[in-house]
Amino acid sequence: MRYKFPSSRGSSPGAALGTGMQTFVQHLIDGIALGSIYALIALGYTLVYGILRLINFAHGDIFMVGAFIGLFAAQALHAGADPTPLKFGLVMLAAMGGCALLGFLVERLAYRPLQQAPRINLLITAVGVSLLLENLGQVVFGPNPKFFPDLLPHTVLFSFGGAAVSNHQAVVLGTSLVLMVGLEWLVLKTRLGLAMRALSHSHETASLMGIPTGLVIAFTFCVGSALAAAAGILVGVSYPRVDPLMGILPGIKAFVAAVLGGIGNIRGAVVGGLILGLSEEMVSGYFSSTYRDALAFGILIAILLLKPEGLFGRNEVEKV
Amino acid sequence: MSTDILEIRNLSASYGAVQALHGVGLRVPQGAVVSLIGANGAGKTTALKVVSGLKRPDSGEVLFKGLRVDARPAHELVRMGLVHCPEGRGVFPNLTVMENLRLGAYTRRDKAQAAMDLDWVWSLFPRLFERRRQGAGTLSGGEQQMLAMGRSLMARPALLLMDEPSLGLAPQVVDSIFEAVLKINRQGCSILLVEQNAQRALEISSLAWVLETGRVLLHGPAAEISRNPRVREAYLGEGA
Ligand SMILES: Nc1ncnc2c1ncn2[C@@H]1O[C@H](COP(=O)(O)OP(=O)(O)OP(=O)(O)O)[C@@H](O)[C@H]1O
Ligand SMILES: [Mg+2]
């Protein structure tokens, strides 16, 4: 659990100088950028949960693999020495594609064989897959943190009254927005999305509609994993190091974000991610960054006590 | 050789250690309405689930349009025209009426034909049209049954399996449901109807099968079955 998002590339000028208002606006910008990364990861938890009622504990580790695929792709393209937006796009696609495949394999090899088994078996398997990816990551990638090449050299895009928006933050926000709108379109406007929503109610009835449920489940894993990979690249862009355990803490926090929004609810995951990112940023800005990680767990405990269905969740009886 | 759209031979199925069907046989002639009746727990739903591919049988055969289909998954059978309208309606409460109907047509590519079928569903159940943008979970029980039937029609079934469509509905609604079943049949769709309301089911069927604890007790022309003293006593509410 040693991973924290370390200090980002480039300093935040507003945070250093500023009056109260500037500092606040800067924290707001930083918090939204951090929050949209949590939101991207949270979407994967919520998609898979919505369809399988499974908390995919390996999801944070898929995020980690995404960051590493991005690292290798960036090295292959010499993107660190000669960064271009095209290379950034290619790195992003490589990571998303690679993780979509990984998500597909995890579902096929680990979860699918347990379709008929009691739910608890699935949950334990998810923990097992998570441990497997973390340890495999240490063997394959080495246990030490690696430097993530600077895909987009840091510049301040614009600043107002001392608060600054960096190109990294703009890319984080822009990419997240595009992916979230794309996901919303997929789920609400396409035939496949309709099938996903049918499965979220009942697999059996969905199959009576002629929906190949196995394929839809596999597809859902691919989409969730690709979103996690995108988050992995965005983290790599903003913070310079990646390591095989880097998925643990963001994974847990994104899970908290998903629960906060109401797990299974797509907009809930986005809102939950933003709330968590903003509150972490505010807490570490105004109090101390030592409390930042505790905050997520505090929020989790508070939701479980006060509003277990989350902000947007339906109050369903759930037996996980 | 046969003109049966569905034939079940010697079908057995179980849930863990509980055997629900013991060598059941049944057939549905092309274009017919056939009733499957029996007490609670007789195995009616299980039989439909095996036929529609939701449940694997332990042994026996299911032939649809003359082809062995008992190893095929449900979603493939829908494509072949075998559609199951499940017990308890099974509408998707999280989706609108329109989205439920679109799911019924999930396997179809023939947009123009599907649009015509949608019109036919609206004419069959005008109340669904009024409520097309409404969440299916907010519909009354009768409307949900209409939606479930309409959704099945959107798949263009050659054979429709219906599991207790009249369950829990008020008498006038039951009338309109049975009327719709007849109209659907007149369009050329064969129907295998499971009903608690044996009287009504037998009235509109040509053949009937009676299940008792997973075995076929009786079968034959529906008129004969409804005259059978054992059936009258057990299912038609008449003391012998
Ligand atoms: N999921 C299940 N698990 C275990 N046993 C089951 C399951 N479903 C049905 N059974 C058993 O199988 C037998 C047949 O059940 P089935 O649902 O087919 O009866 P049915 O004729 O449809 O009854 P009803 O009129 O009440 O709907 C019953 O003894 C039932 O308890
Ligand atoms: Mg039943």
# chains A, B, ... in the order shown; residues from 1 in each chain; ligands from 1

call {"tool": "residues_near_ligand", "arguments": {"ligand": "ligand 2", "cutoff": "7 Å", "atoms": "only C-alpha atoms and all ligand atoms", "output": "PyMOL selection string"}}
result
chain B and resi 40-41+43-45+87+163

call {"tool": "residues_near_ligand", "arguments": {"ligand": "ligand 1", "cutoff": "12 Å", "atoms": "only C-alpha atoms and all ligand atoms", "output": "JSON list (two decimals) with N, CA and C atoms, in the first residue's frame"}}
result
[["chain", "number", "residue", "atom", "x", "y", "z"],
["B", 12, "SER", "N", -36.22, -35.99, -19.39],
["B", 12, "SER", "CA", -36.03, -35.95, -17.94],
["B", 12, "SER", "C", -35.15, -34.77, -17.60],
["B", 13, "ALA", "N", -35.47, -34.14, -16.46],
["B", 13, "ALA", "CA", -34.67, -33.00, -16.04],
["B", 13, "ALA", "C", -34.73, -32.90, -14.53],
["B", 14, "SER", "N", -33.66, -32.37, -13.94],
["B", 14, "SER", "CA", -33.67, -32.27, -12.47],
["B", 14, "SER", "C", -32.93, -31.04, -12.00],
["B", 15, "TYR", "N", -33.26, -30.66, -10.77],
["B", 15, "TYR", "CA", -32.54, -29.59, -10.07],
["B", 15, "TYR", "C", -31.75, -30.26, -8.96],
["B", 16, "GLY", "N", -30.45, -30.39, -9.15],
["B", 16, "GLY", "CA", -29.66, -31.12, -8.16],
["B", 16, "GLY", "C", -30.22, -32.51, -7.98],
["B", 17, "ALA", "N", -30.59, -32.85, -6.76],
["B", 17, "ALA", "CA", -31.08, -34.18, -6.49],
["B", 17, "ALA", "C", -32.57, -34.33, -6.79],
["B", 18, "VAL", "N", -33.26, -33.21, -6.98],
["B", 18, "VAL", "CA", -34.71, -33.25, -7.21],
["B", 18, "VAL", "C", -35.00, -33.43, -8.69],
["B", 19, "GLN", "N", -35.62, -34.55, -9.04],
["B", 19, "GLN", "CA", -35.96, -34.74, -10.44],
["B", 19, "GLN", "C", -37.34, -34.14, -10.70],
["B", 20, "ALA", "N", -37.40, -33.23, -11.65],
["B", 20, "ALA", "CA", -38.65, -32.49, -11.92],
["B", 20, "ALA", "C", -39.43, -33.09, -13.08],
["B", 21, "LEU", "N", -38.73, -33.69, -14.04],
["B", 21, "LEU", "CA", -39.41, -34.32, -15.17],
["B", 21, "LEU", "C", -38.91, -35.76, -15.30],
["B", 22, "HIS", "N", -39.88, -36.69, -15.51],
["B", 22, "HIS", "CA", -39.52, -38.10, -15.66],
["B", 22, "HIS", "C", -40.04, -38.59, -17.00],
["B", 36, "LEU", "N", -50.67, -27.25, -21.72],
["B", 36, "LEU", "CA", -49.97, -28.12, -20.78],
["B", 36, "LEU", "C", -50.47, -27.72, -19.41],
["B", 37, "ILE", "N", -51.21, -28.62, -18.77],
["B", 37, "ILE", "CA", -51.77, -28.26, -17.46],
["B", 37, "ILE", "C", -51.27, -29.22, -16.39],
["B", 38, "GLY", "N", -51.47, -28.82, -15.15],
["B", 38, "GLY", "CA", -51.01, -29.64, -14.04],
["B", 38, "GLY", "C", -50.95, -28.80, -12.78],
["B", 39, "ALA", "N", -50.89, -29.48, -11.65],
["B", 39, "ALA", "CA", -50.89, -28.78, -10.37],
["B", 39, "ALA", "C", -49.58, -28.02, -10.16],
["B", 40, "ASN", "N", -49.53, -27.25, -9.11],
["B", 40, "ASN", "CA", -48.29, -26.55, -8.76],
["B", 40, "ASN", "C", -47.18, -27.56, -8.56],
["B", 41, "GLY", "N", -46.05, -27.26, -9.14],
["B", 41, "GLY", "CA", -44.89, -28.12, -8.95],
["B", 41, "GLY", "C", -44.90, -29.36, -9.84],
["B", 42, "ALA", "N", -45.83, -29.42, -10.79],
["B", 42, "ALA", "CA", -45.92, -30.61, -11.65],
["B", 42, "ALA", "C", -44.75, -30.69, -12.64],
["B", 43, "GLY", "N", -44.15, -29.55, -12.90],
["B", 43, "GLY", "CA", -43.01, -29.56, -13.83],
["B", 43, "GLY", "C", -43.28, -28.80, -15.13],
["B", 44, "LYS", "N", -44.35, -28.03, -15.17],
["B", 44, "LYS", "CA", -44.72, -27.32, -16.40],
["B", 44, "LYS", "C", -43.66, -26.30, -16.80],
["B", 45, "THR", "N", -43.28, -25.46, -15.82],
["B", 45, "THR", "CA", -42.27, -24.44, -16.12],
["B", 45, "THR", "C", -40.95, -25.10, -16.51],
["B", 46, "THR", "N", -40.61, -26.16, -15.81],
["B", 46, "THR", "CA", -39.37, -26.87, -16.12],
["B", 46, "THR", "C", -39.40, -27.36, -17.57],
["B", 47, "ALA", "N", -40.53, -27.91, -17.97],
["B", 47, "ALA", "CA", -40.63, -28.41, -19.35],
["B", 47, "ALA", "C", -40.40, -27.27, -20.35],
["B", 48, "LEU", "N", -41.03, -26.11, -20.10],
["B", 48, "LEU", "CA", -40.84, -24.99, -21.02],
["B", 48, "LEU", "C", -39.38, -24.54, -21.03],
["B", 49, "LYS", "N", -38.76, -24.53, -19.85],
["B", 49, "LYS", "CA", -37.37, -24.07, -19.79],
["B", 49, "LYS", "C", -36.44, -24.99, -20.57],
["B", 50, "VAL", "N", -36.72, -26.27, -20.51],
["B", 50, "VAL", "CA", -35.88, -27.20, -21.28],
["B", 50, "VAL", "C", -36.08, -26.96, -22.77],
["B", 54, "LEU", "N", -33.26, -22.85, -21.70],
["B", 54, "LEU", "CA", -32.80, -22.24, -20.45],
["B", 54, "LEU", "C", -32.23, -23.30, -19.52],
["B", 55, "LYS", "N", -32.69, -24.54, -19.72],
["B", 55, "LYS", "CA", -32.26, -25.61, -18.83],
["B", 55, "LYS", "C", -31.88, -26.83, -19.64],
["B", 86, "PRO", "N", -41.88, -15.88, -20.40],
["B", 86, "PRO", "CA", -41.68, -16.62, -19.15],
["B", 86, "PRO", "C", -42.75, -16.39, -18.08],
["B", 87, "GLU", "N", -42.75, -17.30, -17.13],
["B", 87, "GLU", "CA", -43.60, -17.20, -15.95],
["B", 87, "GLU", "C", -43.28, -15.89, -15.22],
["B", 88, "GLY", "N", -44.31, -15.21, -14.76],
["B", 88, "GLY", "CA", -44.07, -13.96, -14.03],
["B", 88, "GLY", "C", -43.69, -12.81, -14.95],
["B", 162, "MET", "N", -45.89, -20.10, -23.68],
["B", 162, "MET", "CA", -46.41, -19.10, -22.75],
["B", 162, "MET", "C", -46.64, -19.75, -21.39],
["B", 163, "ASP", "N", -46.00, -19.17, -20.37],
["B", 163, "ASP", "CA", -46.09, -19.75, -19.03],
["B", 163, "ASP", "C", -47.03, -18.92, -18.15],
["B", 164, "GLU", "N", -48.22, -19.41, -17.97],
["B", 164, "GLU", "CA", -49.25, -18.81, -17.11],
["B", 164, "GLU", "C", -49.46, -17.33, -17.38],
["B", 165, "PRO", "N", -49.87, -17.00, -18.60],
["B", 165, "PRO", "CA", -50.09, -15.58, -18.91],
["B", 165, "PRO", "C", -51.21, -14.95, -18.10],
["B", 167, "LEU", "N", -51.97, -15.48, -14.92],
["B", 167, "LEU", "CA", -51.77, -15.58, -13.47],
["B", 167, "LEU", "C", -51.94, -14.23, -12.78],
["B", 193, "LEU", "N", -49.21, -23.60, -24.39],
["B", 193, "LEU", "CA", -49.74, -22.75, -23.33],
["B", 193, "LEU", "C", -49.77, -23.50, -22.00],
["B", 194, "VAL", "N", -49.07, -22.96, -21.02],
["B", 194, "VAL", "CA", -49.13, -23.50, -19.67],
["B", 194, "VAL", "C", -50.10, -22.63, -18.88],
["B", 195, "GLU", "N", -51.07, -23.24, -18.25],
["B", 195, "GLU", "CA", -52.07, -22.45, -17.52],
["B", 195, "GLU", "C", -52.54, -23.11, -16.23],
["B", 196, "GLN", "N", -52.77, -22.29, -15.23],
["B", 196, "GLN", "CA", -53.50, -22.74, -14.05],
["B", 196, "GLN", "C", -55.00, -22.73, -14.36],
["B", 197, "ASN", "N", -55.36, -21.75, -15.20],
["B", 197, "ASN", "CA", -56.75, -21.60, -15.59],
["B", 197, "ASN", "C", -57.05, -22.65, -16.67],
["B", 198, "ALA", "N", -57.17, -23.90, -16.23],
["B", 198, "ALA", "CA", -57.25, -25.02, -17.18],
["B", 198, "ALA", "C", -58.48, -24.92, -18.06],
["B", 210, "VAL", "N", -51.57, -33.37, -19.64],
["B", 210, "VAL", "CA", -51.71, -33.15, -18.21],
["B", 210, "VAL", "C", -50.49, -33.74, -17.51],
["B", 211, "LEU", "N", -49.80, -32.91, -16.76],
["B", 211, "LEU", "CA", -48.61, -33.37, -16.04],
["B", 211, "LEU", "C", -48.97, -33.58, -14.57],
["B", 212, "GLU", "N", -48.39, -34.63, -14.01],
["B", 212, "GLU", "CA", -48.52, -34.82, -12.57],
["B", 212, "GLU", "C", -47.17, -35.27, -12.05],
["B", 213, "THR", "N", -46.66, -34.52, -11.10],
["B", 213, "THR", "CA", -45.33, -34.76, -10.53],
["B", 213, "THR", "C", -44.31, -35.24, -11.58],
["B", 214, "GLY", "N", -44.21, -34.47, -12.62],
["B", 214, "GLY", "CA", -43.16, -34.71, -13.59],
["B", 214, "GLY", "C", -43.43, -35.80, -14.60],
["B", 215, "ARG", "N", -44.66, -36.33, -14.60],
["B", 215, "ARG", "CA", -45.00, -37.38, -15.58],
["B", 215, "ARG", "C", -46.26, -36.99, -16.33],
["B", 216, "VAL", "N", -46.37, -37.47, -17.56],
["B", 216, "VAL", "CA", -47.61, -37.22, -18.30],
["B", 216, "VAL", "C", -48.68, -38.16, -17.76],
["B", 235, "TYR", "N", -58.57, -30.28, -11.74],
["B", 235, "TYR", "CA", -58.15, -28.98, -12.29],
["B", 235, "TYR", "C", -59.31, -28.06, -12.65]]

call {"tool": "select_by_dssp", "arguments": {"residues": "range 175-204 of chain B", "states": "strand (DSSP E or B)", "output": "ChimeraX atom specification"}}
result
/B:190-194

call {"tool": "interface_residues", "arguments": {"of": "chain A", "to": "chain B", "cutoff": "8 Å", "atoms": "only C-alpha atoms", "output": "PDB file with all heavy atoms, in the first residue's frame"}}
result
ATOM      1  N   ARG A 191     -27.563  -0.845 -29.506  1.00  0.00           N
ATOM      2  CA  ARG A 191     -28.195  -2.135 -29.312  1.00  0.00           C
ATOM      3  C   ARG A 191     -27.440  -2.943 -28.239  1.00  0.00           C
ATOM      4  O   ARG A 191     -28.042  -3.585 -27.388  1.00  0.00           O
ATOM      5  CB  ARG A 191     -28.139  -2.836 -30.677  1.00  0.00           C
ATOM      6  CG  ARG A 191     -28.776  -4.154 -30.774  1.00  0.00           C
ATOM      7  CD  ARG A 191     -28.917  -4.485 -32.259  1.00  0.00           C
ATOM      8  NE  ARG A 191     -29.353  -5.842 -32.444  1.00  0.00           N
ATOM      9  CZ  ARG A 191     -28.529  -6.866 -32.651  1.00  0.00           C
ATOM     10  NH1 ARG A 191     -27.236  -6.666 -32.703  1.00  0.00           N
ATOM     11  NH2 ARG A 191     -28.998  -8.078 -32.808  1.00  0.00           N
ATOM     12  N   LEU A 194     -28.245  -1.642 -24.891  1.00  0.00           N
ATOM     13  CA  LEU A 194     -29.566  -2.105 -24.472  1.00  0.00           C
ATOM     14  C   LEU A 194     -29.456  -3.521 -23.910  1.00  0.00           C
ATOM     15  O   LEU A 194     -30.048  -3.853 -22.880  1.00  0.00           O
ATOM     16  CB  LEU A 194     -30.521  -2.056 -25.672  1.00  0.00           C
ATOM     17  CG  LEU A 194     -31.990  -2.393 -25.412  1.00  0.00           C
ATOM     18  CD1 LEU A 194     -32.602  -1.433 -24.405  1.00  0.00           C
ATOM     19  CD2 LEU A 194     -32.791  -2.388 -26.714  1.00  0.00           C
ATOM     20  N   ALA A 195     -28.641  -4.343 -24.596  1.00  0.00           N
ATOM     21  CA  ALA A 195     -28.427  -5.707 -24.118  1.00  0.00           C
ATOM     22  C   ALA A 195     -27.758  -5.687 -22.738  1.00  0.00           C
ATOM     23  O   ALA A 195     -28.120  -6.461 -21.843  1.00  0.00           O
ATOM     24  CB  ALA A 195     -27.572  -6.486 -25.111  1.00  0.00           C
ATOM     25  N   ARG A 197     -28.023  -3.393 -20.471  1.00  0.00           N
ATOM     26  CA  ARG A 197     -29.019  -3.012 -19.469  1.00  0.00           C
ATOM     27  C   ARG A 197     -29.991  -4.153 -19.196  1.00  0.00           C
ATOM     28  O   ARG A 197     -30.471  -4.329 -18.075  1.00  0.00           O
ATOM     29  CB  ARG A 197     -29.752  -1.742 -19.920  1.00  0.00           C
ATOM     30  CG  ARG A 197     -28.855  -0.508 -19.789  1.00  0.00           C
ATOM     31  CD  ARG A 197     -29.593   0.753 -20.160  1.00  0.00           C
ATOM     32  NE  ARG A 197     -29.804   0.845 -21.599  1.00  0.00           N
ATOM     33  CZ  ARG A 197     -30.825   1.496 -22.167  1.00  0.00           C
ATOM     34  NH1 ARG A 197     -31.718   2.091 -21.412  1.00  0.00           N
ATOM     35  NH2 ARG A 197     -30.926   1.557 -23.469  1.00  0.00           N
ATOM     36  N   ALA A 198     -30.293  -4.938 -20.229  1.00  0.00           N
ATOM     37  CA  ALA A 198     -31.166  -6.096 -20.007  1.00  0.00           C
ATOM     38  C   ALA A 198     -30.480  -7.101 -19.078  1.00  0.00           C
ATOM     39  O   ALA A 198     -31.086  -7.605 -18.135  1.00  0.00           O
ATOM     40  CB  ALA A 198     -31.517  -6.753 -21.344  1.00  0.00           C
ATOM     41  N   HIS A 201     -30.574  -6.584 -15.399  1.00  0.00           N
ATOM     42  CA  HIS A 201     -31.771  -7.019 -14.666  1.00  0.00           C
ATOM     43  C   HIS A 201     -31.833  -8.529 -14.528  1.00  0.00           C
ATOM     44  O   HIS A 201     -32.024  -9.057 -13.437  1.00  0.00           O
ATOM     45  CB  HIS A 201     -33.037  -6.498 -15.332  1.00  0.00           C
ATOM     46  CG  HIS A 201     -34.283  -7.004 -14.679  1.00  0.00           C
ATOM     47  ND1 HIS A 201     -34.633  -6.656 -13.390  1.00  0.00           N
ATOM     48  CD2 HIS A 201     -35.226  -7.880 -15.099  1.00  0.00           C
ATOM     49  CE1 HIS A 201     -35.757  -7.271 -13.063  1.00  0.00           C
ATOM     50  NE2 HIS A 201     -36.129  -8.029 -14.077  1.00  0.00           N
ATOM     51  N   SER A 202     -31.689  -9.253 -15.643  1.00  0.00           N
ATOM     52  CA  SER A 202     -31.766 -10.714 -15.572  1.00  0.00           C
ATOM     53  C   SER A 202     -31.072 -11.362 -16.764  1.00  0.00           C
ATOM     54  O   SER A 202     -31.424 -11.092 -17.911  1.00  0.00           O
ATOM     55  CB  SER A 202     -33.233 -11.156 -15.533  1.00  0.00           C
ATOM     56  OG  SER A 202     -33.350 -12.514 -15.935  1.00  0.00           O
ATOM     57  N   GLU A 204     -31.188 -14.557 -17.465  1.00  0.00           N
ATOM     58  CA  GLU A 204     -32.050 -15.562 -18.051  1.00  0.00           C
ATOM     59  C   GLU A 204     -33.027 -14.921 -19.030  1.00  0.00           C
ATOM     60  O   GLU A 204     -33.164 -15.359 -20.179  1.00  0.00           O
ATOM     61  CB  GLU A 204     -32.802 -16.300 -16.944  1.00  0.00           C
ATOM     62  CG  GLU A 204     -33.534 -17.512 -17.426  1.00  0.00           C
ATOM     63  CD  GLU A 204     -34.092 -18.331 -16.284  1.00  0.00           C
ATOM     64  OE1 GLU A 204     -33.363 -19.183 -15.748  1.00  0.00           O
ATOM     65  OE2 GLU A 204     -35.272 -18.115 -15.911  1.00  0.00           O
ATOM     66  N   THR A 205     -33.693 -13.850 -18.571  1.00  0.00           N
ATOM     67  CA  THR A 205     -34.655 -13.201 -19.455  1.00  0.00           C
ATOM     68  C   THR A 205     -33.942 -12.579 -20.654  1.00  0.00           C
ATOM     69  O   THR A 205     -34.458 -12.599 -21.771  1.00  0.00           O
ATOM     70  CB  THR A 205     -35.462 -12.135 -18.698  1.00  0.00           C
ATOM     71  OG1 THR A 205     -35.825 -12.665 -17.429  1.00  0.00           O
ATOM     72  CG2 THR A 205     -36.717 -11.760 -19.448  1.00  0.00           C
ATOM     73  N   SER A 207     -31.415 -13.779 -22.168  1.00  0.00           N
ATOM     74  CA  SER A 207     -31.129 -14.817 -23.159  1.00  0.00           C
ATOM     75  C   SER A 207     -32.405 -15.194 -23.914  1.00  0.00           C
ATOM     76  O   SER A 207     -32.340 -15.603 -25.070  1.00  0.00           O
ATOM     77  CB  SER A 207     -30.478 -16.038 -22.503  1.00  0.00           C
ATOM     78  OG  SER A 207     -31.431 -16.750 -21.754  1.00  0.00           O
ATOM     79  N   LEU A 208     -33.566 -15.009 -23.270  1.00  0.00           N
ATOM     80  CA  LEU A 208     -34.830 -15.278 -23.977  1.00  0.00           C
ATOM     81  C   LEU A 208     -35.126 -14.235 -25.049  1.00  0.00           C
ATOM     82  O   LEU A 208     -36.016 -14.404 -25.864  1.00  0.00           O
ATOM     83  CB  LEU A 208     -36.003 -15.321 -22.983  1.00  0.00           C
ATOM     84  CG  LEU A 208     -36.017 -16.510 -22.035  1.00  0.00           C
ATOM     85  CD1 LEU A 208     -37.253 -16.471 -21.151  1.00  0.00           C
ATOM     86  CD2 LEU A 208     -35.969 -17.819 -22.803  1.00  0.00           C
ATOM     87  N   MET A 209     -34.406 -13.118 -25.009  1.00  0.00           N
ATOM     88  CA  MET A 209     -34.551 -12.105 -26.057  1.00  0.00           C
ATOM     89  C   MET A 209     -33.635 -12.410 -27.234  1.00  0.00           C
ATOM     90  O   MET A 209     -33.572 -11.647 -28.194  1.00  0.00           O
ATOM     91  CB  MET A 209     -34.182 -10.715 -25.520  1.00  0.00           C
ATOM     92  CG  MET A 209     -34.966 -10.256 -24.313  1.00  0.00           C
ATOM     93  SD  MET A 209     -36.711 -10.060 -24.675  1.00  0.00           S
ATOM     94  CE  MET A 209     -37.394 -11.438 -23.773  1.00  0.00           C
ATOM     95  N   GLY A 210     -32.857 -13.490 -27.123  1.00  0.00           N
ATOM     96  CA  GLY A 210     -31.908 -13.809 -28.177  1.00  0.00           C
ATOM     97  C   GLY A 210     -30.563 -13.154 -27.967  1.00  0.00           C
ATOM     98  O   GLY A 210     -29.733 -13.120 -28.880  1.00  0.00           O
ATOM     99  N   ILE A 211     -30.333 -12.619 -26.770  1.00  0.00           N
ATOM    100  CA  ILE A 211     -29.053 -11.963 -26.506  1.00  0.00           C
ATOM    101  C   ILE A 211     -28.019 -13.014 -26.120  1.00  0.00           C
ATOM    102  O   ILE A 211     -28.254 -13.801 -25.203  1.00  0.00           O
ATOM    103  CB  ILE A 211     -29.205 -10.945 -25.356  1.00  0.00           C
ATOM    104  CG1 ILE A 211     -30.180  -9.837 -25.768  1.00  0.00           C
ATOM    105  CG2 ILE A 211     -27.854 -10.357 -24.955  1.00  0.00           C
ATOM    106  CD1 ILE A 211     -30.563  -8.901 -24.636  1.00  0.00           C
ATOM    107  N   PRO A 212     -26.875 -13.065 -26.809  1.00  0.00           N
ATOM    108  CA  PRO A 212     -25.820 -13.990 -26.395  1.00  0.00           C
ATOM    109  C   PRO A 212     -25.161 -13.431 -25.134  1.00  0.00           C
ATOM    110  O   PRO A 212     -24.253 -12.603 -25.205  1.00  0.00           O
ATOM    111  CB  PRO A 212     -24.857 -13.993 -27.584  1.00  0.00           C
ATOM    112  CG  PRO A 212     -25.181 -12.777 -28.382  1.00  0.00           C
ATOM    113  CD  PRO A 212     -26.503 -12.248 -27.981  1.00  0.00           C
TER     114      PRO A 212
END

call {"tool": "residues_around", "arguments": {"residues": "Ala170 in chain A", "least_positions_apart": "4", "cutoff": "9 Å", "atoms": "only C-alpha atoms", "output": "list of chain:residue names"}}
result
A:Ala33, A:Leu157, A:Val165, A:Ser166, A:Gly174, A:Thr175

call {"tool": "write_last_selection", "arguments": {"atoms": "C-alpha atoms", "output": "short mmCIF file (atom, residue, chain, number, x, y, z; two decimals), in the first residue's frame"}}
result
data_model
loop_
_atom_site.label_atom_id
_atom_site.label_comp_id
_atom_site.auth_asym_id
_atom_site.auth_seq_id
_atom_site.Cartn_x
_atom_site.Cartn_y
_atom_site.Cartn_z
CA ALA A 33 -8.44 16.17 -12.63
CA LEU A 157 -2.19 26.17 -20.86
CA VAL A 165 -4.54 24.72 -15.83
CA SER A 166 -1.70 22.61 -17.18
CA GLY A 174 -10.62 16.01 -22.08
CA THR A 175 -9.86 12.29 -22.35
#

call {"tool": "select_by_dssp", "arguments": {"residues": "range 26-267 of chain A", "states": "alpha helix (DSSP H)", "output": "JSON, numbers by chain"}}
result
{"A": [26, 27, 28, 29, 30, 31, 32, 33, 34, 35, 36, 37, 38, 39, 40, 41, 42, 43, 44, 45, 46, 47, 48, 49, 50, 51, 52, 59, 60, 61, 62, 63, 64, 65, 66, 67, 68, 69, 70, 71, 72, 73, 74, 75, 76, 85, 86, 87, 88, 89, 90, 91, 92, 93, 94, 95, 96, 97, 98, 99, 100, 101, 102, 103, 104, 105, 106, 119, 120, 121, 122, 123, 124, 125, 126, 127, 128, 129, 130, 131, 132, 133, 134, 135, 136, 137, 138, 139, 140, 141, 167, 168, 169, 170, 171, 172, 173, 174, 175, 176, 177, 178, 179, 180, 181, 182, 183, 184, 185, 186, 187, 188, 189, 191, 192, 193, 194, 195, 196, 197, 198, 199, 200, 201, 203, 204, 205, 206, 207, 208, 213, 214, 215, 216, 217, 218, 219, 220, 221, 222, 223, 224, 225, 226, 227, 228, 229, 230, 231, 232, 233, 234, 235, 236, 237, 238, 248, 249, 250, 251, 252, 253, 254, 255, 256, 257, 258, 259, 260, 261, 266, 267]}

call {"tool": "residues_around", "arguments": {"residues": "Tyr286 in chain A", "least_positions_apart": "3", "cutoff": "10 Å", "atoms": "only C-alpha atoms", "output": "mmCIF file with N, CA and C atoms, in the first residue's frame"}}
result
data_model
loop_
_atom_site.group_PDB
_atom_site.id
_atom_site.type_symbol
_atom_site.label_atom_id
_atom_site.label_comp_id
_atom_site.auth_asym_id
_atom_site.auth_seq_id
_atom_site.Cartn_x
_atom_site.Cartn_y
_atom_site.Cartn_z
ATOM 1 N N THR A 23 -5.800 29.814 -4.333
ATOM 2 C CA THR A 23 -5.471 28.487 -3.850
ATOM 3 C C THR A 23 -6.684 27.570 -3.989
ATOM 4 N N PHE A 24 -7.837 28.095 -3.628
ATOM 5 C CA PHE A 24 -9.049 27.278 -3.696
ATOM 6 C C PHE A 24 -9.336 26.842 -5.127
ATOM 7 N N HIS A 27 -6.939 24.177 -6.157
ATOM 8 C CA HIS A 27 -7.317 22.877 -5.583
ATOM 9 C C HIS A 27 -8.516 22.290 -6.321
ATOM 10 N N GLU A 280 -10.343 14.762 -1.559
ATOM 11 C CA GLU A 280 -8.943 14.433 -1.242
ATOM 12 C C GLU A 280 -8.040 15.651 -1.428
ATOM 13 N N GLU A 281 -8.278 16.343 -2.531
ATOM 14 C CA GLU A 281 -7.446 17.488 -2.839
ATOM 15 C C GLU A 281 -7.626 18.595 -1.789
ATOM 16 N N MET A 282 -8.856 18.803 -1.390
ATOM 17 C CA MET A 282 -9.125 19.833 -0.388
ATOM 18 C C MET A 282 -8.518 19.451 0.954
ATOM 19 N N VAL A 283 -8.699 18.173 1.314
ATOM 20 C CA VAL A 283 -8.162 17.728 2.605
ATOM 21 C C VAL A 283 -6.648 17.864 2.617
ATOM 22 N N SER A 289 -1.751 16.096 3.905
ATOM 23 C CA SER A 289 -1.916 14.982 2.973
ATOM 24 C C SER A 289 -1.909 13.644 3.709
#

call {"tool": "closest_residue", "arguments": {"among": "A:Val216, A:Ala39, A:Leu188, A:Val140", "to": "Pro250 in chain A", "atoms": "only C-alpha atoms"}}
result
A:Ala39

call {"tool": "residues_around", "arguments": {"residues": "Gly66 in chain A", "least_positions_apart": "3", "cutoff": "9 Å", "atoms": "only C-alpha atoms", "output": "list in words"}}
result
Asp61, Ile62, Phe63, Ile69, Gly70, Leu71, Met92, Ala94, Ala95, Met96, Gly98, Cys99, Ser225, Ala226, Ala228, Ala229, Ala230, Ala231, Gly232 and Ile233 of chain A

call {"tool": "residues_around", "arguments": {"residues": "Leu311 in chain A", "least_positions_apart": "5", "cutoff": "12 Å", "atoms": "only C-alpha atoms", "output": "ChimeraX atom specification"}}
result
/A:256-272,275,303-304,306

call {"tool": "residues_around", "arguments": {"residues": "Asp119 in chain B", "least_positions_apart": "3", "cutoff": "12 Å", "atoms": "only C-alpha atoms", "output": "MDAnalysis selection string"}}
result
chainID B and resid 101 112:116 122:126 128:129 150 153:154
